[in-house]
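Data file: my_file_27.txt. Format and content: compact mmCIF, C-alpha atoms and all ligand atoms.
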# COMPACT_ATOMS: atom_id res chain seq x y z
CA MET A 29 217.78 121.84 78.42
CA GLN A 30 217.77 118.47 80.17
CA LYS A 31 215.76 115.63 78.65
CA TRP A 32 213.44 115.63 81.69
CA GLU A 33 212.52 119.24 81.00
CA GLN A 34 211.06 118.49 77.57
CA ILE A 35 208.23 116.32 76.30
CA GLN A 36 209.84 113.10 75.05
CA GLY A 37 206.76 111.16 74.00
CA VAL A 38 203.35 111.92 72.50
CA TYR A 39 200.41 109.54 72.97
CA LEU A 40 197.00 109.56 71.29
CA HIS A 41 194.22 107.42 72.73
CA THR A 42 191.49 105.80 70.64
CA PRO A 43 188.81 104.42 72.96
CA PHE A 44 186.94 102.25 70.43
CA CYS A 45 186.96 98.46 70.13
CA LEU A 46 184.78 96.17 68.03
CA GLN A 47 183.95 94.11 71.10
CA LYS A 48 184.99 94.26 74.76
CA CYS A 49 187.35 91.47 75.74
CA LEU A 50 186.14 89.69 78.87
CA TYR A 51 189.13 90.70 81.00
CA CYS A 52 189.37 94.32 79.88
CA ASP A 53 188.88 97.23 82.24
CA PHE A 54 190.64 99.80 80.02
CA ALA A 55 188.84 102.93 78.90
CA SER A 56 187.55 101.41 75.68
CA TYR A 57 184.05 100.97 74.35
CA ALA A 58 182.23 98.88 71.78
CA GLY A 59 179.02 99.87 69.94
CA PHE A 60 180.10 103.16 68.36
CA SER A 61 179.32 104.60 64.94
CA GLU A 62 181.41 106.27 62.23
CA ALA A 63 179.92 109.55 63.38
CA ASP A 64 181.13 108.88 66.95
CA MET A 65 184.66 108.27 65.67
CA ALA A 66 184.53 111.45 63.57
CA ALA A 67 183.30 113.57 66.51
CA TYR A 68 185.95 112.10 68.80
CA THR A 69 188.74 112.67 66.30
CA LYS A 70 187.61 116.25 65.78
CA ALA A 71 187.76 116.81 69.54
CA MET A 72 191.24 115.27 69.72
CA CYS A 73 192.46 117.56 66.93
CA CYS A 74 191.05 120.52 68.91
CA GLU A 75 192.74 119.31 72.08
CA ILE A 76 196.05 119.05 70.20
CA GLU A 77 195.59 122.71 69.17
CA GLN A 78 194.67 123.71 72.74
CA ARG A 79 197.41 121.91 74.65
CA GLY A 80 199.94 120.91 72.01
CA GLN A 81 202.18 123.92 72.35
CA SER A 82 201.97 124.39 76.11
CA LEU A 83 205.33 122.71 76.78
CA PRO A 84 208.69 122.40 75.02
CA VAL A 85 208.74 119.23 72.95
CA ALA A 86 211.90 117.38 71.91
CA ALA A 87 212.24 117.30 68.11
CA ASP A 88 212.66 113.52 68.24
CA ALA A 89 209.81 112.84 70.69
CA THR A 90 208.27 109.42 70.09
CA VAL A 91 204.69 109.11 68.83
CA TYR A 92 202.31 106.36 69.93
CA PHE A 93 198.72 105.75 68.79
CA GLY A 94 197.22 103.38 71.35
CA GLY A 95 193.86 102.26 72.62
CA GLY A 96 191.40 100.71 72.37
CA THR A 97 191.91 100.00 68.72
CA PRO A 98 193.38 102.91 66.76
CA SER A 99 193.50 100.73 63.63
CA LEU A 100 189.68 101.00 63.54
CA LEU A 101 189.82 104.70 62.71
CA PRO A 102 189.08 105.41 59.04
CA GLU A 103 192.02 106.67 56.99
CA LYS A 104 190.61 110.18 56.77
CA LEU A 105 190.49 110.48 60.57
CA LEU A 106 193.95 109.08 61.11
CA THR A 107 195.28 111.54 58.55
CA ALA A 108 193.58 114.42 60.40
CA LEU A 109 195.27 113.39 63.67
CA VAL A 110 198.70 113.03 62.11
CA ASP A 111 198.25 116.41 60.37
CA ALA A 112 197.30 118.04 63.68
CA LEU A 113 200.46 116.64 65.28
CA HIS A 114 202.60 117.93 62.39
CA LYS A 115 200.98 121.33 62.52
CA ASN A 116 201.64 121.71 66.23
CA GLY A 117 205.25 120.53 66.14
CA LEU A 118 204.49 117.24 67.89
CA TRP A 119 205.53 115.04 64.99
CA ARG A 120 208.85 116.24 63.59
CA GLN A 121 211.53 113.53 63.47
CA PRO A 122 210.25 110.99 65.99
CA THR A 123 212.72 108.33 67.03
CA GLU A 124 209.77 105.98 66.74
CA ALA A 125 206.11 106.20 65.64
CA THR A 126 203.98 103.25 66.71
CA ILE A 127 200.39 102.31 66.00
CA GLU A 128 198.56 99.55 67.86
CA VAL A 129 196.65 97.21 65.61
CA ASN A 130 194.27 94.44 66.55
CA PRO A 131 194.30 91.52 64.09
CA GLY A 132 191.14 91.57 62.03
CA THR A 133 190.88 95.37 61.96
CA ALA A 134 193.38 96.24 59.21
CA ASP A 135 193.89 94.68 55.80
CA LYS A 136 197.07 94.94 53.73
CA GLN A 137 195.99 98.17 52.10
CA LYS A 138 195.41 99.77 55.51
CA LEU A 139 198.74 98.55 56.86
CA HIS A 140 200.34 100.09 53.80
CA PHE A 141 198.50 103.32 54.58
CA PHE A 142 199.92 103.34 58.16
CA LYS A 143 203.39 103.15 56.67
CA GLU A 144 202.66 105.95 54.23
CA LEU A 145 201.41 108.08 57.12
CA GLY A 146 204.83 107.73 58.74
CA PHE A 147 204.41 104.98 61.32
CA ASP A 148 207.53 102.82 61.51
CA ARG A 149 206.42 100.39 64.19
CA ILE A 150 203.30 98.26 64.70
CA SER A 151 202.22 96.67 67.93
CA PHE A 152 199.75 93.81 67.41
CA GLY A 153 197.37 92.62 70.13
CA VAL A 154 197.91 88.92 69.44
CA GLN A 155 197.51 87.61 73.04
CA SER A 156 197.62 83.93 72.05
CA LEU A 157 197.91 81.74 68.98
CA ASN A 158 195.38 79.20 70.21
CA ASP A 159 191.77 79.69 69.06
CA ASN A 160 190.24 78.17 72.20
CA GLU A 161 192.21 80.55 74.43
CA LEU A 162 191.31 83.54 72.27
CA ARG A 163 187.63 82.63 72.31
CA ALA A 164 187.66 82.02 76.07
CA VAL A 165 188.50 85.67 76.75
CA GLY A 166 186.35 87.17 74.00
CA ARG A 167 189.03 88.21 71.52
CA ILE A 168 187.60 88.92 68.06
CA HIS A 169 190.36 87.31 66.04
CA THR A 170 191.64 83.80 65.39
CA ALA A 171 195.23 82.58 65.50
CA SER A 172 195.41 82.39 61.71
CA GLU A 173 194.12 85.97 61.37
CA ALA A 174 196.82 87.12 63.77
CA LEU A 175 199.54 85.35 61.79
CA GLU A 176 198.15 86.70 58.55
CA ALA A 177 198.23 90.24 59.97
CA LEU A 178 201.87 89.82 61.05
CA ALA A 179 202.84 88.48 57.63
CA MET A 180 201.03 91.33 55.87
CA ALA A 181 202.84 93.91 58.01
CA GLN A 182 206.15 92.29 57.11
CA ASP A 183 205.18 92.25 53.41
CA VAL A 184 204.28 95.91 53.55
CA GLY A 185 207.78 96.60 54.82
CA PHE A 186 207.42 97.18 58.55
CA GLU A 187 210.74 96.31 60.12
CA ARG A 188 209.67 96.93 63.68
CA ILE A 189 206.78 94.71 64.73
CA SER A 190 205.78 93.85 68.26
CA ALA A 191 203.13 91.53 69.65
CA ASP A 192 201.35 91.41 73.00
CA LEU A 193 200.84 88.01 74.58
CA ILE A 194 199.00 86.90 77.71
CA TYR A 195 199.77 83.90 79.88
CA GLY A 196 197.42 82.38 82.47
CA LEU A 197 194.48 82.26 80.02
CA PRO A 198 191.57 79.86 80.61
CA GLY A 199 192.46 76.47 79.17
CA GLN A 200 196.08 77.46 78.53
CA ASN A 201 198.89 75.08 79.44
CA LEU A 202 202.66 75.10 79.09
CA ALA A 203 202.54 73.40 75.71
CA THR A 204 200.07 75.88 74.17
CA LEU A 205 201.96 78.83 75.64
CA GLN A 206 205.24 77.52 74.29
CA GLN A 207 203.60 76.97 70.93
CA SER A 208 202.48 80.64 70.81
CA LEU A 209 205.96 81.83 71.79
CA LYS A 210 207.64 79.53 69.31
CA ILE A 211 205.49 80.56 66.36
CA LEU A 212 205.94 84.27 67.10
CA THR A 213 209.70 84.10 67.50
CA GLY A 214 209.86 81.80 64.46
CA ALA A 215 207.97 84.44 62.48
CA GLY A 216 210.86 86.82 63.16
CA LEU A 217 209.21 89.10 65.72
CA GLN A 218 211.79 91.18 67.47
CA HIS A 219 209.71 92.53 70.33
CA LEU A 220 207.19 90.87 72.61
CA SER A 221 205.23 92.20 75.58
CA VAL A 222 204.09 89.33 77.77
CA TYR A 223 201.68 89.86 80.65
CA GLY A 224 200.05 87.54 83.15
CA LEU A 225 196.26 87.65 82.93
CA THR A 226 194.87 89.79 85.74
CA VAL A 227 191.29 89.52 86.88
CA GLU A 228 189.96 93.02 87.35
CA GLU A 229 186.96 93.58 89.54
CA GLY A 230 183.70 94.18 87.71
CA THR A 231 184.83 92.64 84.43
CA PRO A 232 182.82 89.83 82.79
CA LEU A 233 185.82 87.58 83.44
CA ALA A 234 185.54 88.20 87.19
CA HIS A 235 181.81 87.32 87.11
CA LEU A 236 182.38 84.15 85.11
CA LEU A 237 185.03 83.08 87.60
CA ASP A 238 182.74 83.81 90.55
CA GLU A 239 180.04 81.72 88.93
CA GLY A 240 182.49 78.89 88.30
CA LYS A 241 181.88 79.09 84.56
CA ILE A 242 185.51 79.59 83.76
CA VAL A 243 188.67 78.18 85.36
CA LEU A 244 192.13 79.72 85.26
CA PRO A 245 195.43 77.87 85.55
CA ASP A 246 196.34 77.54 89.24
CA GLU A 247 199.13 79.53 90.90
CA ASP A 248 201.79 76.85 90.37
CA MET A 249 200.94 76.68 86.70
CA GLN A 250 201.02 80.47 86.38
CA LEU A 251 204.46 80.50 87.97
CA ALA A 252 205.63 77.77 85.60
CA MET A 253 204.30 79.85 82.69
CA TYR A 254 206.13 82.94 83.95
CA GLU A 255 209.33 80.91 84.14
CA LEU A 256 208.81 79.45 80.70
CA VAL A 257 208.48 82.94 79.18
CA GLN A 258 211.54 84.32 80.91
CA GLU A 259 213.66 81.34 79.92
CA TYR A 260 212.37 80.73 76.42
CA LEU A 261 212.45 84.24 74.96
CA PRO A 262 216.11 85.00 75.88
CA SER A 263 217.04 81.59 74.41
CA GLN A 264 215.62 82.94 71.12
CA GLY A 265 217.62 86.17 71.35
CA LEU A 266 214.93 88.38 72.87
CA LYS A 267 216.46 89.94 75.94
CA ARG A 268 214.23 90.90 78.84
CA TYR A 269 214.64 94.65 79.05
CA GLU A 270 211.68 95.38 81.32
CA ILE A 271 209.60 93.28 83.69
CA SER A 272 207.14 92.29 80.92
CA ASN A 273 209.02 93.21 77.76
CA TYR A 274 211.52 91.33 75.59
CA ALA A 275 213.41 92.55 72.54
CA MET A 276 216.28 91.89 70.19
CA ALA A 277 219.13 94.38 70.65
CA GLY A 278 218.03 97.81 69.44
CA GLN A 279 214.36 96.82 69.13
CA GLU A 280 213.25 98.06 72.55
CA SER A 281 210.15 100.28 72.57
CA ARG A 282 211.57 103.79 72.79
CA HIS A 283 208.16 105.18 73.64
CA ASN A 284 207.73 102.91 76.62
CA LEU A 285 211.26 103.74 77.76
CA VAL A 286 210.04 107.34 78.10
CA TYR A 287 207.62 106.11 80.80
CA TRP A 288 210.19 103.92 82.52
CA HIS A 289 212.75 106.72 82.51
CA TYR A 290 210.10 108.95 84.08
CA LEU A 291 210.41 111.53 81.31
CA PRO A 292 207.64 113.99 80.41
CA TYR A 293 204.98 112.95 77.89
CA LEU A 294 201.94 114.59 76.42
CA SER A 295 198.77 112.62 75.75
CA PHE A 296 195.51 113.41 74.03
CA GLY A 297 192.07 111.84 74.15
CA SER A 298 189.67 110.50 76.74
CA ALA A 299 191.34 108.82 79.73
CA ALA A 300 194.75 109.82 78.37
CA CYS A 301 197.37 110.67 80.96
CA SER A 302 200.03 113.40 80.54
CA PHE A 303 203.04 114.05 82.76
CA ASN A 304 205.20 117.16 82.81
CA GLY A 305 207.67 116.14 85.50
CA GLN A 306 205.75 117.73 88.39
CA GLN A 307 202.15 116.88 87.72
CA ARG A 308 199.94 114.37 85.98
CA PHE A 309 196.78 115.19 84.10
CA THR A 310 194.29 112.42 83.35
CA ALA A 311 191.42 113.27 81.02
CA VAL A 312 187.89 112.06 81.77
CA PRO A 313 187.29 108.51 80.53
CA ASN A 314 183.76 109.20 79.28
CA VAL A 315 183.92 109.92 75.54
CA ALA A 316 180.86 112.21 75.39
CA GLU A 317 182.08 114.20 78.39
CA TYR A 318 185.53 114.48 76.86
CA ILE A 319 184.16 115.78 73.53
CA LYS A 320 181.89 118.28 75.29
CA SER A 321 184.67 119.64 77.50
CA VAL A 322 187.11 120.10 74.61
CA GLY A 323 184.33 121.90 72.74
CA SER A 324 184.02 124.35 75.61
CA GLY A 325 187.76 125.11 75.56
CA VAL A 326 189.60 122.68 77.81
CA ALA A 327 189.63 118.90 78.23
CA ALA A 328 188.08 117.90 81.56
CA GLY A 329 190.13 115.72 83.83
CA VAL A 330 192.01 115.35 87.07
CA VAL A 331 195.28 117.11 87.88
CA GLU A 332 197.55 115.41 90.40
CA ARG A 333 200.39 117.52 91.79
CA LEU A 334 203.34 115.38 92.75
CA ASP A 335 205.49 116.47 95.66
CA ALA A 336 209.28 115.96 95.58
CA GLU A 337 209.12 112.71 97.60
CA THR A 338 206.51 111.23 95.27
CA GLN A 339 208.46 112.22 92.18
CA LEU A 340 211.58 110.53 93.51
CA ALA A 341 209.67 107.38 94.52
CA GLU A 342 208.00 107.14 91.11
CA TYR A 343 211.29 107.74 89.33
CA LEU A 344 212.87 104.90 91.29
CA PHE A 345 210.21 102.29 90.82
CA MET A 346 209.56 103.16 87.19
CA GLY A 347 213.31 103.07 86.49
CA LEU A 348 213.79 99.77 88.28
CA ARG A 349 211.19 98.17 86.01
CA SER A 350 213.70 98.39 83.18
CA PHE A 351 216.62 96.00 83.18
CA GLU A 352 219.20 98.79 82.97
CA GLY A 353 217.76 100.26 86.18
CA ILE A 354 218.59 103.63 87.70
CA ASP A 355 221.49 105.91 86.95
CA LEU A 356 222.33 107.11 90.46
CA ARG A 357 224.18 110.18 89.16
CA GLU A 358 221.16 111.22 87.12
CA ALA A 359 218.93 110.72 90.19
CA GLU A 360 221.20 113.01 92.18
CA GLN A 361 221.23 115.67 89.48
CA ARG A 362 217.51 115.49 88.87
CA PHE A 363 216.16 115.12 92.41
CA LYS A 364 219.08 116.48 94.47
CA CYS A 365 219.07 113.21 96.36
CA ASP A 366 221.69 110.58 97.10
CA VAL A 367 219.54 107.48 96.64
CA MET A 368 221.93 105.15 98.47
CA LEU A 369 222.16 107.54 101.40
CA LYS A 370 218.39 107.78 101.64
CA PHE A 371 217.41 104.15 100.94
CA GLY A 372 220.71 102.24 101.31
CA ALA A 373 219.85 100.66 104.68
CA GLU A 374 216.57 99.25 103.38
CA LEU A 375 218.04 98.22 100.04
CA ALA A 376 220.87 96.32 101.78
CA ARG A 377 218.62 93.32 102.51
CA PHE A 378 217.55 93.05 98.87
CA ILE A 379 221.14 93.46 97.68
CA LYS A 380 222.20 90.65 100.05
CA GLU A 381 219.38 88.44 98.77
CA LYS A 382 220.52 89.21 95.20
CA LEU A 383 217.19 90.73 94.22
CA VAL A 384 218.83 94.11 93.65
CA ALA A 385 222.30 94.73 92.14
CA LEU A 386 224.39 97.79 92.82
CA ASP A 387 227.16 98.59 90.36
CA THR A 388 229.38 100.99 92.29
CA ASP A 389 231.65 101.69 89.29
CA LYS A 390 228.87 102.57 86.88
CA LYS A 391 226.74 104.01 89.68
CA ARG A 392 223.71 102.01 88.65
CA LEU A 393 221.07 100.25 90.68
CA ARG A 394 218.91 97.56 89.09
CA LEU A 395 216.70 94.59 89.78
CA THR A 396 218.23 91.17 89.07
CA GLU A 397 216.27 88.61 87.05
CA GLN A 398 215.06 87.12 90.34
CA GLY A 399 214.33 90.60 91.67
CA MET A 400 211.97 91.26 88.77
CA ARG A 401 209.74 88.52 90.12
CA PHE A 402 209.59 90.18 93.52
CA SER A 403 209.65 93.75 92.24
CA ASN A 404 206.64 94.86 94.28
CA GLU A 405 208.39 93.99 97.54
CA VAL A 406 211.38 96.11 96.52
CA PHE A 407 209.19 99.00 95.37
CA GLU A 408 207.52 99.17 98.77
CA ILE A 409 210.70 100.74 100.13
CA PHE A 410 210.01 103.85 98.07
CA VAL A 411 206.28 104.29 98.55
CA LYS A 412 205.76 104.54 102.28
S1 LIG B 1 191.12 95.03 72.31
FE1 LIG B 1 192.30 95.75 74.09
S2 LIG B 1 191.33 97.68 74.72
FE2 LIG B 1 189.90 96.61 73.33
S3 LIG B 1 188.55 95.51 74.68
FE3 LIG B 1 190.19 94.09 74.10
S4 LIG B 1 191.75 94.33 75.71
FE4 LIG B 1 190.34 96.06 75.88

Starting from the coordinates I provided, produce the structure as structure tokens.
Amino acid sequence: MQKWEQIQGVYLHTPFCLQKCLYCDFASYAGFSEADMAAYTKAMCCEIEQRGQSLPVAADATVYFGGGTPSLLPEKLLTALVDALHKNGLWRQPTEATIEVNPGTADKQKLHFFKELGFDRISFGVQSLNDNELRAVGRIHTASEALEALAMAQDVGFERISADLIYGLPGQNLATLQQSLKILTGAGLQHLSVYGLTVEEGTPLAHLLDEGKIVLPDEDMQLAMYELVQEYLPSQGLKRYEISNYAMAGQESRHNLVYWHYLPYLSFGSAACSFNGQQRFTAVPNVAEYIKSVGSGVAAGVVERLDAETQLAEYLFMGLRSFEGIDLREAEQRFKCDVMLKFGAELARFIKEKLVALDTDKKRLRLTEQGMRFSNEVFEIFVK
């Protein structure tokens, strides 16, 4: 069986957060009770029973608990979820089991518990190590709490720790960004995900900007920040292996590579998205609706059937996000399509401009460092 015919990653979504960050438009909610978390977890365990065995799952499929803030779930509930995965053959010998943790939501004892449960990787939502920047976007933690959380995870014995960072924050400048990067790399982190702040419509951040109550760094400054990140992190040994992700050799997120390699994954929980190679299923984002639907036998959501053209286009632009790019032989085997024959004429301009590199010996197509900055222009070729 080919790897694209089996589930390669399993994702569980926890939609709870202590407080909504001002920029966040994810399916996450504040103001919940212990009872809400228990009811939601029970529904997720049921959903795992209902859908968990519907597709062949690779024995080493990755596991990822994301959110929201999965580290908020009480130990008893996390244990129930992990047990449900074990029972349904979704957690056997994962190549990686990650849990997202927001600083301030897990003490040393809880981090130890995550390790005991079998997680071998933690991804911390650090975002910045400057208290003014954290406050400006409504994060609940301080810089020192974030550093304390990282140190505790290292003490507990986690060898694979990642942090998320954001650039373009209100009040941020090149010096404060560099300071955050320097402290994190100095602390021995081997994986960083670094995103530019995006202003999503309808978020409190968008309103505050409209009202002039908050100011973001201008475009030139944002570009300078982007350049600082992509120069500084490789100088510290963290190679850029995807548009927004940097890692030491061997520390890449194997779970996220499942997405970028366009391999099938199975997800559980409200708003969670599953992909079987031909169709995507996205569960309803509303927690109460999700719980009710699972209780009546099947999680409610939207099914999107992907035709052959769409599958190929998605495979290409997801694959090109990663630095290693596309294996043209695999594309031919998987989609019965000669990519260079189909898109070669349009790709020629980008190859000439050195935004795209074609390795004819290895039969690989990839974005160059410069091409990563203009990735959307390249991707347009595939999504007409
Ligand atoms: S912690 Fe993450 S998911 Fe929760 S509100 Fe903040 S950005 Fe959104």

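If you measure from each of A:Glu280, A:Trp32, A:Pro131, A:Leu237 to Tyr343 of chain A using all atoms listed in the file, the closest one turns out to be A:Trp32.
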
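Using all atoms listed in the file, the smallest distance between any of A:Thr226, A:Asn201, A:Thr90, A:Asn284 and Met249 of chain A comes from A:Asn201.
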
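When atom CA of Ala191 of chain A is paired with atom CA of Ala215 of chain A, their separation reads 11.2 Å.
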
What's the 10 Å shell around Asn130 of chain A, counting all atoms listed in the file, without same-chain residues fewer than 6 positions away, as a list in words?
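Near Asn130 of chain A, the qualifying residues are Cys45, Leu46, Gly95, Gly96, Thr97, Pro98, Ser99, Leu100, Ile150, Ser151, Phe152, Gly153, Val154, Gln155, Arg167, Ile168, His169, Glu173, Ala174, Ala177 and Ala191 of chain A.
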
Centre and size of axis-aligned box enclosing segment 280-283 of chain A plus 4 Å each side, as lines of an AutoDock Vina configuration file:
center_x = 210.7
center_y = 101.6
center_z = 73.1
size_x = 13.1
size_y = 15.1
size_z = 9.1

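The space separating atom CA of Pro84 of chain A from atom CA of Gln307 of chain A comes to 15.3 Å.
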
Quick one: of A:Tyr223, A:Tyr39, A:Tyr287, A:Phe296, who's nearest to Gln78 of chain A, counting only C-alpha atoms?
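Counting only C-alpha atoms, the residue closest to Gln78 of chain A is A:Phe296.
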
For a quick check of understanding, using only C-alpha atoms and all ligand atoms, which of A:Glu228, A:Asp183, A:Asp111, A:Glu397 has the smallest distance to ligand LIG 1 (chain B)?
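Of A:Glu228, A:Asp183, A:Asp111, A:Glu397, the one nearest ligand LIG 1 (chain B) is A:Glu228, counting only C-alpha atoms and all ligand atoms.
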
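Residues in contact with segment 156-159 of chain A at up to 6 Å, not including ones fewer than 5 positions away on its chain and judged by only C-alpha atoms, are A:Thr170, A:Ala171, A:Leu193, A:Ser208.
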
Within 12 Å of Tyr269 of chain A, counting all atoms listed in the file, which residues qualify if same-chain residues fewer than 4 places away don't, as a PyMOL selection string?
chain A and resi 219-222+258+261-262+265+273-282+284-285+288+347-353+394-397+400

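If only C-alpha atoms are the atoms counted, then among A:Tyr293, A:Phe54, A:Tyr318, A:Phe44 the closest residue to Ala71 of chain A is A:Tyr318.
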
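Relative to atom CA of Asp135 of chain A, atom FE2 of ligand LIG 1 (chain B) is found at 18.1 Å.
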
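Comparing A:Glu103, A:Glu128, A:Glu337, A:Glu77 by their smallest distance to ligand LIG 1 (chain B), the closest is A:Glu128 (using all atoms listed in the file).
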
Please list, as a VMD selection string, the residues that have an atom at most 10 Å away from (224.9, 113.2, 79.8) in the coordinates of this file, counting only C-alpha atoms.
chain A and resid 30 to 31 357 to 358

Which residues are near Leu113 of chain A? Cut-off 12 Å, all atoms listed in the file, ignore same chain within fewer than 2 positions. Put them as an mmCIF file with C-alpha atoms, in the frame of the given file.
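Generated file (result.cif):
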data_model
loop_
_atom_site.group_PDB
_atom_site.id
_atom_site.type_symbol
_atom_site.label_atom_id
_atom_site.label_comp_id
_atom_site.auth_asym_id
_atom_site.auth_seq_id
_atom_site.Cartn_x
_atom_site.Cartn_y
_atom_site.Cartn_z
ATOM 1 C CA VAL A 38 203.350 111.920 72.500
ATOM 2 C CA TYR A 39 200.410 109.540 72.970
ATOM 3 C CA LEU A 40 197.000 109.560 71.290
ATOM 4 C CA MET A 72 191.240 115.270 69.720
ATOM 5 C CA CYS A 73 192.460 117.560 66.930
ATOM 6 C CA CYS A 74 191.050 120.520 68.910
ATOM 7 C CA GLU A 75 192.740 119.310 72.080
ATOM 8 C CA ILE A 76 196.050 119.050 70.200
ATOM 9 C CA GLU A 77 195.590 122.710 69.170
ATOM 10 C CA GLN A 78 194.670 123.710 72.740
ATOM 11 C CA ARG A 79 197.410 121.910 74.650
ATOM 12 C CA GLY A 80 199.940 120.910 72.010
ATOM 13 C CA GLN A 81 202.180 123.920 72.350
ATOM 14 C CA VAL A 85 208.740 119.230 72.950
ATOM 15 C CA ALA A 89 209.810 112.840 70.690
ATOM 16 C CA THR A 90 208.270 109.420 70.090
ATOM 17 C CA VAL A 91 204.690 109.110 68.830
ATOM 18 C CA TYR A 92 202.310 106.360 69.930
ATOM 19 C CA PHE A 93 198.720 105.750 68.790
ATOM 20 C CA LEU A 106 193.950 109.080 61.110
ATOM 21 C CA THR A 107 195.280 111.540 58.550
ATOM 22 C CA ALA A 108 193.580 114.420 60.400
ATOM 23 C CA LEU A 109 195.270 113.390 63.670
ATOM 24 C CA VAL A 110 198.700 113.030 62.110
ATOM 25 C CA ASP A 111 198.250 116.410 60.370
ATOM 26 C CA LYS A 115 200.980 121.330 62.520
ATOM 27 C CA ASN A 116 201.640 121.710 66.230
ATOM 28 C CA GLY A 117 205.250 120.530 66.140
ATOM 29 C CA LEU A 118 204.490 117.240 67.890
ATOM 30 C CA TRP A 119 205.530 115.040 64.990
ATOM 31 C CA ARG A 120 208.850 116.240 63.590
ATOM 32 C CA GLN A 121 211.530 113.530 63.470
ATOM 33 C CA PRO A 122 210.250 110.990 65.990
ATOM 34 C CA ALA A 125 206.110 106.200 65.640
ATOM 35 C CA LEU A 145 201.410 108.080 57.120
ATOM 36 C CA GLY A 146 204.830 107.730 58.740
ATOM 37 C CA LEU A 294 201.940 114.590 76.420
ATOM 38 C CA SER A 295 198.770 112.620 75.750
ATOM 39 C CA PHE A 296 195.510 113.410 74.030
#

Missing atoms in segment 123-139 of chain A: can you complete it with N, CA and C atoms, as a short mmCIF file (atom, residue, chain, number, x, y, z; two decimals), keeping the file's coordinate frame?
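What ended up in part_35.cif:
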data_model
loop_
_atom_site.label_atom_id
_atom_site.label_comp_id
_atom_site.auth_asym_id
_atom_site.auth_seq_id
_atom_site.Cartn_x
_atom_site.Cartn_y
_atom_site.Cartn_z
N THR A 123 211.81 109.48 67.04
CA THR A 123 212.72 108.33 67.03
C THR A 123 211.92 107.05 66.78
N GLU A 124 210.60 107.18 66.92
CA GLU A 124 209.77 105.98 66.74
C GLU A 124 208.32 106.46 66.65
N ALA A 125 207.55 105.89 65.72
CA ALA A 125 206.11 106.20 65.64
C ALA A 125 205.36 104.88 65.54
N THR A 126 204.62 104.57 66.61
CA THR A 126 203.98 103.25 66.71
C THR A 126 202.47 103.38 66.59
N ILE A 127 201.85 102.40 65.95
CA ILE A 127 200.39 102.31 66.00
C ILE A 127 200.01 100.90 66.47
N GLU A 128 199.06 100.85 67.40
CA GLU A 128 198.56 99.55 67.86
C GLU A 128 197.50 99.07 66.88
N VAL A 129 197.59 97.80 66.57
CA VAL A 129 196.65 97.21 65.61
C VAL A 129 196.12 95.91 66.20
N ASN A 130 194.81 95.74 66.17
CA ASN A 130 194.27 94.44 66.55
C ASN A 130 194.03 93.62 65.29
N PRO A 131 194.51 92.36 65.28
CA PRO A 131 194.30 91.52 64.09
C PRO A 131 192.81 91.51 63.74
N GLY A 132 192.54 91.57 62.46
CA GLY A 132 191.14 91.57 62.03
C GLY A 132 190.59 92.97 61.83
N THR A 133 191.39 94.00 62.12
CA THR A 133 190.88 95.37 61.96
C THR A 133 191.66 96.16 60.91
N ALA A 134 192.63 95.52 60.26
CA ALA A 134 193.38 96.24 59.21
C ALA A 134 193.81 95.25 58.14
N ASP A 135 193.44 95.53 56.91
CA ASP A 135 193.89 94.68 55.80
C ASP A 135 195.23 95.22 55.27
N LYS A 136 195.73 94.58 54.23
CA LYS A 136 197.07 94.94 53.73
C LYS A 136 197.11 96.39 53.26
N GLN A 137 196.03 96.79 52.62
CA GLN A 137 195.99 98.17 52.10
C GLN A 137 196.09 99.16 53.27
N LYS A 138 195.39 98.84 54.38
CA LYS A 138 195.41 99.77 55.51
C LYS A 138 196.79 99.77 56.20
N LEU A 139 197.40 98.60 56.27
CA LEU A 139 198.74 98.55 56.86
C LEU A 139 199.71 99.38 56.02
#
